[in-house]
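Student: What follows is a structure written as C-alpha cells; I'll ask about it next.
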Amino acid sequence: MSALLRHLAFEFRSGIRNRTLLLLNYLFPVGFYALMGLLMTQINPMFQEAIVPSMAVFAALAATMLGLPDPLVAAREAGIFRTYKINGVPAAAIVIIPAVTASLHATLVAAVIAITAPALFGGSSPSNWWAFAATFAATVLACGGLAVLIGVVSSSTRVTVLWSQLVFIPSMILGGMTGMPPELLPESLGRLARLLPPTHAMQAFAGWAMQATMSPTARLSLAILVAGGLLSFGLAIYLFDWDRHNDTRRGHPLMGLLALLPYAIGVLWQI
Amino acid sequence: MSEIAISVDAMTKSYGELVAVDGISFEVSRGEVFGLLGPNGAGKTTTLETLEGLREPDQGRLRVLGVDPFRRPRKLRDLIGVQLQSGALPENIHVGEAMGLFCAYHGVDPRDDLLDRMDLSSKRKAQYHELSAGQQRRLALALAVAHDPPVVFLDEPTAGLDVPSRVGLHALIRELQGSGTTIVLATHDMAEAEEMANRVAILLHGKIAATGSPLELTATGAGLTKILARTERGCLLGGHTHLPDISHQTVKGPYWICYSTDTGPTLSALIAHIEAQGDALIDLRVERPSLEDRFLEIVGSGDKA
C-alpha cells in the first residue's frame with residue numbers, strides 16, 4: 001500500500017476513533033437531520049423539497065468547518081507536523097488528506113439522508129443523482145478548502161473556533177438550509193449570504209440536482225464553489241507552516257482572505 | 001572513522017534578540033557517536049533542529065552527508081533518522097499503524113522487529129495516547145531508525161525512561177554504532193554521554209565551551225582527584241587538615257572529602273596523619289573526575305565569565 005493510501009486510511013479511521021470527530025462527522029448531522037425532519041416538515045411542508053440538499057450541506061459543513069480546523073491546529077501545536085516533516089510527509093498531504101477523509105464521512109451521511117428522507121419525512125429525491133453527487137462534491141471541496149485554510153492560518157485553537165463559527169453560524173441562518181432562499185433575505189443579508197459556500201451549494205442543488213435542467217444560476221454557483229475550493233486549498237498549502245509556533249509561514253495569514261474572491265465576485269454579480 | 005558525516009561551520013541562529021547558537025563549528029566522523037551537552041537553553045536542540053532541516057540557520061555552512069539540510073530536505077529525509085525532543089504522533093494512531101505509515105513514506109517495509117526490540121509488540125494495537133511516556137519515546141526511537149538511516153539524531157532519548165528501558169536503548173545505540181551509523185546525541189545525562197559518546201561538545205550560551213573525547217575532557221580541566229576518607233573516631237572532621245597538594249576540603253556526613261592535584265603525596269600524608277592521631281581508617285575512596293565534574297567546572301567558569 002502506498003504511503004498516501006496508508007495515510008488516507010489512517011485519517012479515515014481516526015475520524016471514527018476520535019469521539020469528537022465521530023460526533024461531528026456522524027452523530028451531530030444525523031441527529032440534526034432527524035430533528036429537522038420531525039419538526040420542520042411539520043412547521044413548513046415546503047421544507048420537504050429542501051430536506052435532502054439542506055441536510056447534505058449541513059453534513060458537509062459539520063464535518064469540514066467544525067471537524068477540520070481544530071485538529072490541524074492541535075497537531076501543529078503538539079509537534080506532529082515536525083514529526084511528519086522529518087519522515088518525509090509532504091505538506092500537501094497534511095492539508096488535503098484530512099479534507100478528503102472528512103468529505104468521505106460527509107458523503108456517507110449525505111447518502112443516508114438522500115436515501116432515507118423520502119421514506120421517513122416525505123422528502124423529495126434528487127431528480128438527477130449525478131448532478132446531486134457533483135454538487136455535493138463541489139460543496140465539500142469548497143467547505144473543506146475553507147476549513148483547512150482556517151486551520152492553517154489560525155494561531156491557536158481558540159482563534160480556530162472563532163473563524164469556524166464565523167462561517168458556520170451565518171451559513172446555518174442565511175445559507176438557505178432552513179428552507180429560506182437568499183432572495184427572500186434583506187439585500188444586505190443577501191450579500192452576506194452569497195459570501196458563504198452553503199448558499200451557493202443550496203442554489204446549485206436547487207437549480208440542477210433537484211430539477212430536470214441546469215439553471216444558469218446553478219452553473220455559476222457551481223463554478224464559484226469549485227473556484228473557491230481550489231483557491232482555498234492552494235492558499236492553505238502555500239501558507240502551511242510546519243512549526244509549532246506557526247510563525248515561519250511564507251505569507252501573512254490575512255492572505256487567506258483571498259479565498260473569498262470567487263464569493264465576492266458572486267456578490268458583485270448577484271449570483 | 002576519518003570520513004566526515006556532518007560538518008558545521010560558523011553556524012549562527014537567533015530568535016529575535018536571543019542568539020541561540022553563536023558561530024559554532026564542529027565535525028562528526030562517520031560511525032561516530034557525538035554527544036552534545038549543555039545546560040537548558042545552551043543551544044543543543046536548536047543545533048540539532050538546524051541539522052535536521054527543521055530550522056534555517058542565519059549564518060554558516062552545514063552539511064549532513066554532503067547535503068544542505070535546509071535547502072535539500074527531500075534528499076535529506078532518507079539519510080537521517082530523528083527522535084525529536086518535542087515531536088509527537090497523532091493521539092489516535094496505533095503503534096503498528098505509525099510504523100507502517102512512516103516506513104511507507106520512507107519506501108521500506110514496516111520493521112516489526114524493532115517494535116519487538118523496543119518491547120512494544122504487545123502494544124501494536126494501542127493508540128499513541130494510551131502509551132506511557134517511556135513507551136512513546138521508545139516508539140519514536142524505533143520510527144527514527146526503521147529505515148536504516150546512516151545518520152541518527154537523538155534529542156534526550158532516555159529522558160523519563162526507567163532503568164531497563166535505558167539499558168535496552170543504550171544497547172540499540174551501540175548496535176547502531178557497530179553497524180556504522182553516525183549518531184548525534186543531545187543529552188543532559190553526563191553518565192550516558194560518558195558511556196556512549198566517542199566525542200562530546202559542551203555548549204554554553206550558544207557557543208562550544210569544550211570539545212573532545214570524554215577521557216580527554218576529564219583529563220584537561222583542573223585535574224583534581226576526589227579523595228573520600230572515613231575514620232573510626234572522626235579525627236578528620238574537627239577542622240582544617242593540613243595535607244600536601246590539596247585544592248580544597250569539605251565534610252559530608254561521616255566522610256572527609258578533599259580534592260587533590262597530586263594523589264600520591266596526598267594519600268601518603270593522609271594515612272600518616274590518621275595514624276599520628278591514633279585513629280583508624282574505615283573507608284577510603286579515590287575517584288577520578290567524571291565528565292559531570294568537568295561539565296560543572298566548565299559551566300561554572302562560563303557562568304562566572
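Scheme for the C-alpha cells: letters A, B, ... for chains in order shown; per-chain residue numbers from 1; ligand numbers from 1 in order shown.
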As a list in words, could you give me every residue of chain B near chain A (at most 7 Å apart, counting only C-alpha atoms)?
Tutor: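 Close to chain A, chain B has Arg74, Arg77, Val82, Ser86, Gly87, Ala88, Leu89, Pro90, Asn92, Leu101, Phe102, Ala104, Tyr105 and His106 of chain B.
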Student: Would you pick out the contacts of stretch 197-201 of chain A at 6 Å or less, using only C-alpha atoms, so that residues sharing its chain but fewer than 3 positions from it are not included, and give the list as a list in words?
Tutor: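 Result of the neighbour search: Thr139, Gly175, Arg194, Ala204 and Ser221 of chain A.
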Student: Using N, CA and C atoms, can you write the selected residues to a file as a compact mmCIF listing (two decimals), in the first residue's frame?
Tutor:
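Here's the written file again31.txt:
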# COMPACT_ATOMS: atom_id res chain seq x y z
N THR A 139 -19.47 21.08 -3.09
CA THR A 139 -19.74 21.65 -1.76
C THR A 139 -18.64 21.26 -0.77
N GLY A 175 -27.83 30.60 4.89
CA GLY A 175 -27.41 29.80 3.73
C GLY A 175 -28.52 29.06 3.02
N ARG A 194 -24.22 35.42 0.20
CA ARG A 194 -23.53 34.99 -1.03
C ARG A 194 -22.02 34.86 -0.82
N ALA A 204 -27.06 25.59 -6.17
CA ALA A 204 -26.69 24.58 -7.17
C ALA A 204 -27.56 23.33 -7.06
N SER A 221 -23.04 29.16 -9.57
CA SER A 221 -22.80 28.80 -8.17
C SER A 221 -21.81 27.64 -8.08
Student: For atom CA of A:Ala62 and atom CA of A:Arg250, determine how far apart the two atoms are, in Å to one decimal place.
Tutor: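 For atom CA of A:Ala62 relative to atom CA of A:Arg250, the distance reads 29.2 Å.
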Student: Once DSSP has gone over the backbone, tell me which residues of stretch 46-220 of chain A are in alpha helix (DSSP H), as number ranges by chain.
Tutor: A: 47-61, 69-78, 80-86, 91-121, 129-153, 157-174, 187-194, 197-204, 216-220
Student: List the spatial neighbours of B:Leu217 as number ranges by chain - criterion: any atom at most 10 Å away, only C-alpha atoms, same-chain residues fewer than 3 positions off excluded.
Tutor: B: 199-202, 210-214, 220-221, 223, 289-291, 294-295
Student: Between atom CA of B:Gln83 and atom CA of B:Ala140, what is the distance in Å, rounded to a tenth?
Tutor: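 Atom-to-atom, atom CA of B:Gln83 to atom CA of B:Ala140, that is 5.8 Å.
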Student: Which residues, written as a ChimeraX atom specification, have at least one atom at most 7 Å from A:Val226, with only C-alpha atoms counted and residues fewer than 3 positions away on the same chain left out?
Tutor: /A:138,141-142,222-223,229-230
Student: Please measure the separation of atom CA of B:Glu156 and atom CA of B:His188, giving the value in Å to one decimal.
Tutor: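 Rounded to one decimal, the two atoms are 7.0 Å apart.
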